[in-house]
Amino acid sequence: MDWIDLQVNGYAGVDFNAPGLSADAVRHATERLNAAGTAGYLPTFVTGDPEVVSANMRAILSARRRYAVCERSILGFFLEGPFISPEPGAIGTHDRAWVRAPDIALYSRLQDAAEGMIRMVNVAAELPGAADFISRVRDGKVVVSLGHQMAKTPTELEPAISAGASAFTHLGNGLPNLIHRRENPIWEALADDRMKVMFIPDGHHLTDAMLKVYLRAVPLDRLIAVSDAQYPAGMPPGDYPVCGTMARLEPDGLLWNPERNCLVGATAPMAAMMDLLKNRIGATDAECRAIGHDNPLELIGGCGC
């Protein structure tokens, strides 16, 4: 099975967020992803210097023009930052120095650098101007997902959803470790039939019990698995600079930030996550195909894969 991954920050030593990205490096990461079973993906940009993001978008576009494997596999971009909450927990490992309130001028500048290939944007629903920003982004037929946020109640989430947000980013992560037992975005996301639920089934981001609840409580057509892979994926255990700080890759694949005590993305490719869903959670092949191929393609509008 060839999988579709809507959130890839890097792979096999290639960091899509680090300065100096080259087209050859993008080809290497793409070939390694293909070899691991990922047929199509969205290179993903976390919160960082817009000039670096723009330059790296151009490098990836150059790779798409030069190499058939990149043209076939790179389906667009996911802009995960910078329009996120700066609060501890919600910010995760993103660089607080570059966090911004929703800014349509900055988004438009990045979309120009991307030659219109930003396919999905993450926003924190509670930020000032979020609903207007979402409405304007949606006018351009770009998917808006909610995450890395402090919004937790229907009152806080509804304006963003009514404005056109249609998904939740890696649900269950990008949150403070302690949240209200009733008023929290996990319940709202699971219950809202308008919204897609993206999640990371790598065995570290969510417990097996949470994964079982997701699969049992949410209609299949609303579920989308993503890897949230970081560039140490496929590398030996050790310490790696990620998002401007040091992350530790453990022998079991856990990638975390000891200073902030938070996860720093994942290191398993989609194929390994689908195997986990089948072998530990009991998902069928048909369910995995929907979660890891059909639903992500439908969310971003298809690609002909």
# chains A, B, ... in the order shown; residues from 1 in each chain; ligands from 1

$ select_by_dssp --residues "region 133-257 of chain A" --states "helix (DSSP H, G or I)" --output "PyMOL selection string"
chain A and resi 133-139+154-163+185-191+208-217+220-222

$ select_by_dssp --residues "region 172-217 of chain A" --states "strand (DSSP E)" --output "ChimeraX atom specification"
/A:196-199

$ residues_around --residues "region 82-91 of chain A" --least-positions-apart "2" --cutoff "10 Å" --atoms "only C-alpha atoms" --output "number ranges by chain"
A: 45-50, 79-80, 93-103, 106-107, 121-127, 130, 146-151, 173-178, 260-262

$ residues_around --residues "region 288-294 of chain A" --least-positions-apart "5" --cutoff "9 Å" --atoms "only C-alpha atoms" --output "JSON, numbers by chain"
{"A": [1, 2, 3, 4, 5, 220, 221, 222, 223, 224, 225, 226, 270, 271, 274, 275, 277, 278, 283, 299, 302]}

$ residues_around --residues "region 202-212 of chain A" --least-positions-apart "6" --cutoff "9 Å" --atoms "only C-alpha atoms" --output "list in words"
His170, Gly172, Asn173, Ser227, Gly253, Leu254, Leu255, Leu263, Gly265, Ala266, Thr267, Ala268, Pro269, Met270, Ala272, Met273, Met274, Leu276, Leu277, Arg280, Ile281 and Gly282 of chain A

$ residues_around --residues "region 229-246 of chain A" --least-positions-apart "5" --cutoff "6 Å" --atoms "only C-alpha atoms" --output "short mmCIF file (atom, residue, chain, number, x, y, z; two decimals) with C-alpha atoms, in the first residue's frame"
data_model
loop_
_atom_site.label_atom_id
_atom_site.label_comp_id
_atom_site.auth_asym_id
_atom_site.auth_seq_id
_atom_site.Cartn_x
_atom_site.Cartn_y
_atom_site.Cartn_z
CA VAL A 8 6.36 15.71 7.15
CA ASN A 9 8.86 18.16 8.69
CA GLY A 10 11.83 16.23 7.36
CA TYR A 11 13.19 12.74 6.90
CA ALA A 12 16.44 10.77 6.72
CA GLY A 13 18.60 13.65 7.88
CA VAL A 14 16.93 16.26 5.66
CA ASP A 15 15.28 19.10 7.60
CA PRO A 251 16.44 3.81 20.76
CA GLY A 265 7.51 15.19 16.23
CA ALA A 266 7.84 11.53 15.32
CA THR A 267 10.35 9.25 13.65
#

$ residues_around --residues "Leu110 (chain A)" --least-positions-apart "5" --cutoff "12 Å" --atoms "only C-alpha atoms" --output "ChimeraX atom specification"
/A:45,49-58,77-79,81-82,103-105,115-119,121

$ write_last_selection --atoms "C-alpha atoms" --output "short mmCIF file (atom, residue, chain, number, x, y, z; two decimals), in the first residue's frame"
data_model
loop_
_atom_site.label_atom_id
_atom_site.label_comp_id
_atom_site.auth_asym_id
_atom_site.auth_seq_id
_atom_site.Cartn_x
_atom_site.Cartn_y
_atom_site.Cartn_z
CA PHE A 45 6.88 24.17 7.96
CA ASP A 49 11.95 32.85 10.08
CA PRO A 50 9.67 33.59 7.08
CA GLU A 51 12.71 34.20 4.90
CA VAL A 52 14.01 30.70 5.62
CA VAL A 53 10.56 29.21 5.05
CA SER A 54 10.28 31.03 1.71
CA ALA A 55 13.76 29.94 0.59
CA ASN A 56 13.04 26.33 1.51
CA MET A 57 9.74 26.38 -0.33
CA ARG A 58 11.62 27.53 -3.41
CA PHE A 77 2.90 22.38 1.61
CA PHE A 78 1.48 22.40 5.14
CA LEU A 79 2.08 25.66 7.01
CA GLY A 81 3.28 27.73 12.08
CA PRO A 82 3.54 30.60 12.87
CA ASP A 103 -1.59 37.81 9.41
CA ILE A 104 -3.03 37.58 5.91
CA ALA A 105 -0.20 39.69 4.46
CA GLU A 115 3.69 29.44 -6.04
CA GLY A 116 0.23 28.74 -4.66
CA MET A 117 1.13 25.27 -3.35
CA ILE A 118 0.31 25.81 0.34
CA ARG A 119 -2.51 23.29 0.67
CA VAL A 121 -2.59 26.07 7.18
#

$ closest_residue --among "A:Glu298, A:Glu287, A:Glu71, A:Asp192" --to "Arg216 (chain A)" --atoms "only C-alpha atoms"
A:Glu287

$ closest_atom_pairs --of "region 62-165 of chain A" --to "region 22-31 of chain A" --cutoff "8 Å" --atoms "only C-alpha atoms" --output "Markdown table"
| residue | atom | partner | partner_atom | distance |
| --- | --- | --- | --- | --- |
| A:Ser62 | CA | A:Ala23 | CA | 6.0 |
| A:Ala63 | CA | A:Ala23 | CA | 4.5 |
| A:Tyr67 | CA | A:Arg27 | CA | 7.1 |
| A:Val69 | CA | A:Glu31 | CA | 7.0 |
| A:Cys70 | CA | A:Arg27 | CA | 6.2 |
| A:Ser73 | CA | A:Thr30 | CA | 7.2 |

$ atom_distance --atom1 "CA of Lys152 (chain A)" --atom2 "CA of His180 (chain A)"
8.7 Å

$ closest_residue --among "A:Asp139, A:Asp112, A:Glu183, A:Asp228" --to "Leu6 (chain A)" --atoms "only C-alpha atoms"
A:Asp228
